[in-house]
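I have placed the structure first, in the form of structure tokens, so that the comments after it can refer back to it.
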Amino acid sequence: MTETQLQSFIVIGGGIVGLATARQLQHNFPAAKVTVLEKEAGLAAHQTRHNSGIIHAGVYYAPGSLKAQFCREGNRDTKQFCRDNDIPFRETGKLLVATDAQDELRMEELLERCRINEIETEVLDQQQLREFEPNVVGVAATWVPSSGIVDFEVISNKLAEQVRAAGGKIETNCRVTAISETTGVEVKTTKGIFSADFVVGCAGLYSDRLVRMLGQEPTFKILPFRGEYFQLPAEKSEIVSHPIYPIPNPELPFLGIHLTPMIDGSLTVGPNATLALAREGYSRWKINVSDLAEMLSYSGLYKLIMKYPLPTLMELKNSLYRPGYLKLVNRYCPAVTLDDLQPYPAGVRAQAVKPDGTTLDDFLFIESKHALIVGNAPSPAATSAMPIARHICEKVKKLINVS
Ligand SMILES: Cc1cc2nc3c(=O)[nH]c(=O)nc-3n(C[C@H](O)[C@H](O)[C@H](O)COP(=O)(O)OP(=O)(O)OC[C@H]3O[C@@H](n4cnc5c(N)ncnc54)[C@H](O)[C@@H]3O)c2cc1C
């Protein structure tokens, strides 16, 4: 089959990556019919809705990685999409605050990364930091002007509107249960069987299960990590004017608890990172027996914990013991008190982990003759959704033309 003969696509998953992909497929293959299948009643119900809303600049990512490339492009694309579609966003910039000598050393390494990744930064000394953000303390800070804030759910809804306007179909309450490849693909769902020439899977927390549906054994498993947030009371929502991040430990996959002005004017703090007992374990006590059994029988889980025993314990302690959580914020913002930590919905990250306990850092795509699955799309995949979608379309073109 060639790209001009291709008549239909199915996209599994109505999060930001699936919706951006559906729109890009319509753009690249204008004659083809595109159908999005989403298991929930609404779109963007999982990671896309439950996140920090940061348009990342790309500070953290290894030079040469897909994350470094797509985040930089996605930062520009996301802002442009918002401008073109009247979606509220703010170019707030962000501050990374060093609170001790070790942080300062790590900050130097991050600055070097930014230089290689061509991300504009400015170093602030203690005095400049105080003038910039009077409620934030530290020995130094890095200012990243291109970061911003947005509501990725709003972007997703606009993408869905454009997909429908271009003739695409979006089926909700439609859970994919099996995929079989023939001369095209047949996708079995709770709403019946859908057929297409090609399927793209963008299932977030279930990406490994889609790979298995294709008949392949995934080289990783998705482990769900809950990120708990709090919201500060309205009278404290202006104690900082920019997103304030700690300097992350480069050995850990997550960025640390940060203060984030949201696009609705509120201020949140979070997220931490504790293992969830269900792939959709938004509350601490939610258990899904089959998810849990699958996790507990996975060697990668134990090896991951053995790799980071102290951070694992500290995360758990700080999740259960709120003063521990607060201490992490107070390192750089002493103005936040225990009473300020008001409830706010948690998010669950899809963290791909290999059997040896290594976390997969970069975006990952798994291919077969008539299918492409997004295996790993952690943060900054919301920022990077549009470049990821272009990348998928390029891969689809190559796959089709060789098959
Ligand atoms: C706590 C947290 C903070 C984050 N902060 C940021 C940030 O500030 N900036 C940033 O850029 N990124 C951030 N991220 C990452 C970002 O949110 C995700 O990388 C991104 O939303 C992934 O989008 P997605 O479409 O791949 O996944 P999802 O949004 O999870 O969508 C996957 C969809 O697939 C559907 N699905 C799954 N299985 C099936 C099936 N069998 N049949 C049908 N449908 C199915 C699901 O219901 C879901 O709607 C954060 C993530 C979390 C969890």
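Residues are referred to by chain and number: the chain letter is A, B, ... according to the order shown in the structure tokens, the number counts from 1 in that chain, and ligands are numbered separately from 1 in the order shown.
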
>> Counting only C-alpha atoms and all ligand atoms, what are the residues, protein, DNA or RNA alike, that approach ligand 1 to within 6 Å? I want them as a PyMOL selection string.
In response: chain A and resi 12-18+37-40+43-48+50-56+174-177+202-206+227+271+347-349+377-383

What does the file look like for those residues with N, CA and C atoms, as a short mmCIF file (atom, residue, chain, number, x, y, z; two decimals), in the first residue's frame?
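Done, and the output landed in part_5.cif:
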```
data_model
loop_
_atom_site.label_atom_id
_atom_site.label_comp_id
_atom_site.auth_asym_id
_atom_site.auth_seq_id
_atom_site.Cartn_x
_atom_site.Cartn_y
_atom_site.Cartn_z
N ILE A 12 -6.29 5.30 18.92
CA ILE A 12 -6.81 4.85 20.22
C ILE A 12 -6.33 5.83 21.29
N GLY A 13 -7.28 6.46 21.99
CA GLY A 13 -6.91 7.38 23.07
C GLY A 13 -7.24 8.82 22.74
N GLY A 14 -8.13 9.39 23.54
CA GLY A 14 -8.52 10.79 23.35
C GLY A 14 -7.88 11.70 24.36
N GLY A 15 -6.59 11.48 24.62
CA GLY A 15 -5.79 12.46 25.37
C GLY A 15 -5.16 13.43 24.38
N ILE A 16 -4.29 14.30 24.87
CA ILE A 16 -3.74 15.34 23.98
C ILE A 16 -2.89 14.73 22.87
N VAL A 17 -2.21 13.62 23.15
CA VAL A 17 -1.34 13.03 22.12
C VAL A 17 -2.21 12.40 21.02
N GLY A 18 -3.26 11.66 21.42
CA GLY A 18 -4.15 11.04 20.43
C GLY A 18 -4.85 12.08 19.58
N LEU A 37 -10.92 6.54 19.11
CA LEU A 37 -11.67 5.70 20.05
C LEU A 37 -11.19 6.00 21.47
N GLU A 38 -12.10 6.43 22.33
CA GLU A 38 -11.74 6.79 23.71
C GLU A 38 -12.65 6.03 24.68
N LYS A 39 -12.04 5.41 25.67
CA LYS A 39 -12.83 4.56 26.57
C LYS A 39 -13.69 5.36 27.55
N GLU A 40 -13.33 6.60 27.85
CA GLU A 40 -14.09 7.39 28.82
C GLU A 40 -15.26 8.10 28.12
N LEU A 43 -13.28 13.50 26.81
CA LEU A 43 -11.89 13.48 26.33
C LEU A 43 -10.94 14.01 27.42
N ALA A 44 -9.68 13.73 27.25
CA ALA A 44 -8.61 14.29 28.11
C ALA A 44 -8.79 13.94 29.59
N ALA A 45 -9.40 12.79 29.87
CA ALA A 45 -9.81 12.50 31.24
C ALA A 45 -8.67 12.07 32.16
N HIS A 46 -7.53 11.70 31.60
CA HIS A 46 -6.47 11.16 32.47
C HIS A 46 -5.28 12.12 32.56
N GLN A 47 -4.11 11.71 32.10
CA GLN A 47 -2.93 12.57 32.33
C GLN A 47 -3.11 13.98 31.78
N THR A 48 -3.84 14.07 30.66
CA THR A 48 -3.97 15.38 30.01
C THR A 48 -4.73 16.39 30.88
N HIS A 50 -4.98 15.97 34.38
CA HIS A 50 -4.43 16.01 35.74
C HIS A 50 -2.93 16.28 35.69
N ASN A 51 -2.57 17.50 35.33
CA ASN A 51 -1.14 17.79 35.32
C ASN A 51 -0.88 19.23 35.77
N SER A 52 0.38 19.66 35.68
CA SER A 52 0.75 20.97 36.22
C SER A 52 0.46 22.13 35.28
N GLY A 53 0.15 21.81 34.03
CA GLY A 53 -0.19 22.87 33.08
C GLY A 53 0.99 23.74 32.68
N ILE A 54 2.18 23.16 32.75
CA ILE A 54 3.36 23.94 32.37
C ILE A 54 3.70 23.69 30.90
N ILE A 55 3.86 24.76 30.14
CA ILE A 55 4.42 24.64 28.79
C ILE A 55 5.93 24.63 29.02
N HIS A 56 6.49 23.42 29.02
CA HIS A 56 7.91 23.31 29.37
C HIS A 56 8.79 23.92 28.29
N CYS A 174 -15.83 4.00 24.46
CA CYS A 174 -15.46 2.99 23.46
C CYS A 174 -14.08 2.42 23.83
N ARG A 175 -14.09 1.39 24.64
CA ARG A 175 -12.82 0.80 25.13
C ARG A 175 -12.32 -0.25 24.14
N VAL A 176 -11.08 -0.11 23.74
CA VAL A 176 -10.48 -1.10 22.85
C VAL A 176 -10.08 -2.32 23.67
N THR A 177 -10.50 -3.50 23.19
CA THR A 177 -10.20 -4.73 23.94
C THR A 177 -9.29 -5.68 23.17
N CYS A 202 -2.44 5.68 21.38
CA CYS A 202 -1.97 6.76 22.26
C CYS A 202 -2.69 6.61 23.60
N ALA A 203 -2.44 5.47 24.27
CA ALA A 203 -3.28 5.08 25.41
C ALA A 203 -2.70 5.44 26.76
N GLY A 204 -1.63 6.23 26.80
CA GLY A 204 -1.10 6.73 28.08
C GLY A 204 -0.79 5.62 29.06
N LEU A 205 -1.58 5.53 30.13
CA LEU A 205 -1.32 4.58 31.22
C LEU A 205 -1.49 3.12 30.79
N TYR A 206 -2.01 2.89 29.58
CA TYR A 206 -2.25 1.52 29.12
C TYR A 206 -1.42 1.18 27.88
N GLY A 227 0.83 11.68 41.57
CA GLY A 227 1.42 12.97 41.91
C GLY A 227 0.38 13.77 42.68
N PRO A 271 3.77 18.19 41.95
CA PRO A 271 3.32 16.93 42.53
C PRO A 271 4.48 16.14 43.12
N GLY A 347 -2.75 13.62 40.09
CA GLY A 347 -2.60 13.07 38.75
C GLY A 347 -1.88 11.73 38.86
N VAL A 348 -1.98 10.92 37.82
CA VAL A 348 -1.21 9.66 37.82
C VAL A 348 -0.35 9.63 36.55
N ARG A 349 0.97 9.52 36.77
CA ARG A 349 1.89 9.48 35.63
C ARG A 349 2.06 8.05 35.13
N ALA A 377 5.15 8.24 26.79
CA ALA A 377 4.95 9.68 26.54
C ALA A 377 4.72 10.39 27.86
N PRO A 378 5.77 10.40 28.72
CA PRO A 378 5.63 11.11 29.99
C PRO A 378 5.87 12.61 29.78
N SER A 379 5.85 13.37 30.85
CA SER A 379 6.14 14.80 30.75
C SER A 379 7.47 14.97 30.04
N PRO A 380 7.60 15.87 29.11
CA PRO A 380 6.71 16.95 28.71
C PRO A 380 5.86 16.61 27.48
N ALA A 381 5.15 15.47 27.51
CA ALA A 381 4.40 15.08 26.31
C ALA A 381 3.20 15.97 26.05
N ALA A 382 2.66 16.63 27.07
CA ALA A 382 1.55 17.55 26.80
C ALA A 382 2.08 18.74 25.99
N THR A 383 3.21 19.29 26.44
CA THR A 383 3.86 20.38 25.69
C THR A 383 4.23 19.91 24.28
#
```

> Got a sec: who's within 10 Å of Ile193 (chain A), counting only C-alpha atoms, leaving out chain neighbours fewer than 3 positions off, as a ChimeraX atom specification?
Replying inline: /A:176-179,186-190

Selection to disk with C-alpha atoms, as a PDB file, in the first residue's frame:
```
ATOM      1  CA  VAL A 176     -10.477  -1.100  22.847  1.00  0.00           C
ATOM      2  CA  THR A 177     -10.198  -4.730  23.945  1.00  0.00           C
ATOM      3  CA  ALA A 178      -8.325  -6.407  21.081  1.00  0.00           C
ATOM      4  CA  ILE A 179      -6.425  -5.543  17.914  1.00  0.00           C
ATOM      5  CA  GLU A 186      -9.501  -4.817  13.071  1.00  0.00           C
ATOM      6  CA  VAL A 187     -10.076  -3.191  16.439  1.00  0.00           C
ATOM      7  CA  LYS A 188     -12.515  -4.834  18.835  1.00  0.00           C
ATOM      8  CA  THR A 189     -14.184  -2.447  21.269  1.00  0.00           C
ATOM      9  CA  THR A 190     -17.062  -2.239  23.734  1.00  0.00           C
TER      10      THR A 190
END
```

> What is the distance between CA of Leu316 (chain A) and CA of Gln231 (chain A), in Å to one decimal?
Replying inline: 20.0 Å

> For Leu110 (chain A), which residue among A:Ala371, A:Leu232, A:Ile239, A:Ile247 is the nearest when counting only C-alpha atoms?
Replying inline: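 Going through A:Ala371, A:Leu232, A:Ile239, A:Ile247 one by one, the smallest distance to Leu110 (chain A) is for A:Ile247.
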
>> Which residues are near region 254-269 of chain A? Cut-off 6 Å, only C-alpha atoms, ignore same chain within fewer than 4 positions. Put them as a PyMOL selection string.
In response: chain A and resi 150+229-232+237+243-245+248

What's around Ile119 (chain A) at 12 Å? Count only C-alpha atoms, leave out sequence neighbours fewer than 5 positions away in its own chain, and write the answer as a tab-separated table (two decimals) with N, CA and C atoms, in the first residue's frame.
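Writing the result to around-v8.tsv gives the following:
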```
chain	number	residue	atom	x	y	z
A	56	HIS	N	6.49	23.42	29.02
A	56	HIS	CA	7.91	23.31	29.37
A	56	HIS	C	8.79	23.92	28.29
A	57	ALA	N	10.00	24.35	28.73
A	57	ALA	CA	10.95	24.93	27.79
A	57	ALA	C	11.91	23.86	27.27
A	58	GLY	N	12.19	22.85	28.11
A	58	GLY	CA	13.12	21.78	27.69
A	58	GLY	C	14.42	21.78	28.47
A	59	VAL	N	14.40	22.34	29.66
A	59	VAL	CA	15.61	22.50	30.47
A	59	VAL	C	16.28	21.16	30.80
A	60	TYR	N	15.48	20.14	31.06
A	60	TYR	CA	16.02	18.95	31.74
A	60	TYR	C	16.53	17.85	30.81
A	61	TYR	N	16.19	17.91	29.54
A	61	TYR	CA	16.26	16.70	28.72
A	61	TYR	C	17.61	16.52	28.05
A	63	PRO	N	20.59	16.20	25.76
A	63	PRO	CA	20.81	16.71	24.40
A	63	PRO	C	20.75	15.56	23.39
A	68	ALA	N	14.19	16.44	24.13
A	68	ALA	CA	14.82	17.76	23.99
A	68	ALA	C	14.31	18.45	22.72
A	69	GLN	N	14.25	17.68	21.64
A	69	GLN	CA	13.83	18.26	20.35
A	69	GLN	C	12.34	18.63	20.37
A	71	CYS	N	10.27	19.01	22.85
A	71	CYS	CA	9.82	19.98	23.85
A	71	CYS	C	10.09	21.40	23.35
A	72	ARG	N	11.26	21.59	22.75
A	72	ARG	CA	11.57	22.93	22.21
A	72	ARG	C	10.57	23.31	21.11
A	73	GLU	N	10.33	22.36	20.20
A	73	GLU	CA	9.37	22.64	19.12
A	73	GLU	C	7.96	22.80	19.69
A	75	ASN	N	7.02	23.78	22.65
A	75	ASN	CA	6.86	25.05	23.37
A	75	ASN	C	6.37	26.12	22.40
A	93	GLY	N	7.45	32.37	32.12
A	93	GLY	CA	8.82	32.00	32.45
A	93	GLY	C	8.78	31.12	33.69
A	110	LEU	N	22.68	21.77	34.75
A	110	LEU	CA	21.46	22.10	33.99
A	110	LEU	C	21.71	23.25	33.01
A	111	LEU	N	22.49	24.22	33.48
A	111	LEU	CA	22.78	25.37	32.61
A	111	LEU	C	23.54	24.92	31.36
A	112	GLU	N	24.44	23.97	31.56
A	112	GLU	CA	25.19	23.44	30.42
A	112	GLU	C	24.23	22.74	29.44
A	113	ARG	N	23.28	21.98	30.00
A	113	ARG	CA	22.26	21.32	29.16
A	113	ARG	C	21.47	22.35	28.36
A	114	CYS	N	21.08	23.42	29.07
A	114	CYS	CA	20.30	24.47	28.39
A	114	CYS	C	21.12	25.09	27.26
A	142	THR	N	17.97	29.96	38.43
A	142	THR	CA	18.03	30.07	36.96
A	142	THR	C	16.66	30.51	36.48
A	143	TRP	N	16.67	31.54	35.68
A	143	TRP	CA	15.44	32.08	35.10
A	143	TRP	C	15.32	31.55	33.67
A	144	VAL	N	14.18	30.92	33.38
A	144	VAL	CA	13.94	30.37	32.03
A	144	VAL	C	12.73	31.12	31.45
A	145	PRO	N	12.97	32.10	30.58
A	145	PRO	CA	11.86	32.96	30.15
A	145	PRO	C	10.82	32.29	29.26
A	146	SER	N	11.17	31.19	28.56
A	146	SER	CA	10.21	30.67	27.56
A	146	SER	C	9.17	29.72	28.13
A	147	SER	N	9.26	29.35	29.41
A	147	SER	CA	8.22	28.48	29.98
A	147	SER	C	6.91	29.26	30.09
```

>> I need the alpha helix (DSSP H) residues of region 147-383 of chain A per DSSP on the backbone, written as number ranges by chain.
In response: A: 152-165, 207-213, 289-296, 299-307, 309-320, 322-330

Taking 6 positions as the minimum chain separation for residues in the same chain, which residues sit within 8 Å of Pro233 (chain A) when counting only C-alpha atoms? Answer as a JSON list (two decimals) with C-alpha atoms, in the first residue's frame.
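Dumped everything to result-v1.json:
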```
[["chain", "number", "residue", "atom", "x", "y", "z"],
["A", 340, "ASP", "CA", -2.34, 26.42, 53.28],
["A", 341, "LEU", "CA", -2.24, 22.89, 51.86],
["A", 342, "GLN", "CA", -5.83, 22.54, 50.71]]
```

>> Which of region 80-147 of chain A end up as strand (DSSP E) when DSSP is run on this backbone - answer as a PyMOL selection string?
In response: chain A and resi 89-90+94-98+122-125+140-144

> Please, what distance in Å, to one decimal, runs between CA of Leu6 (chain A) and CA of Ile400 (chain A)?
Replying inline: 8.3 Å
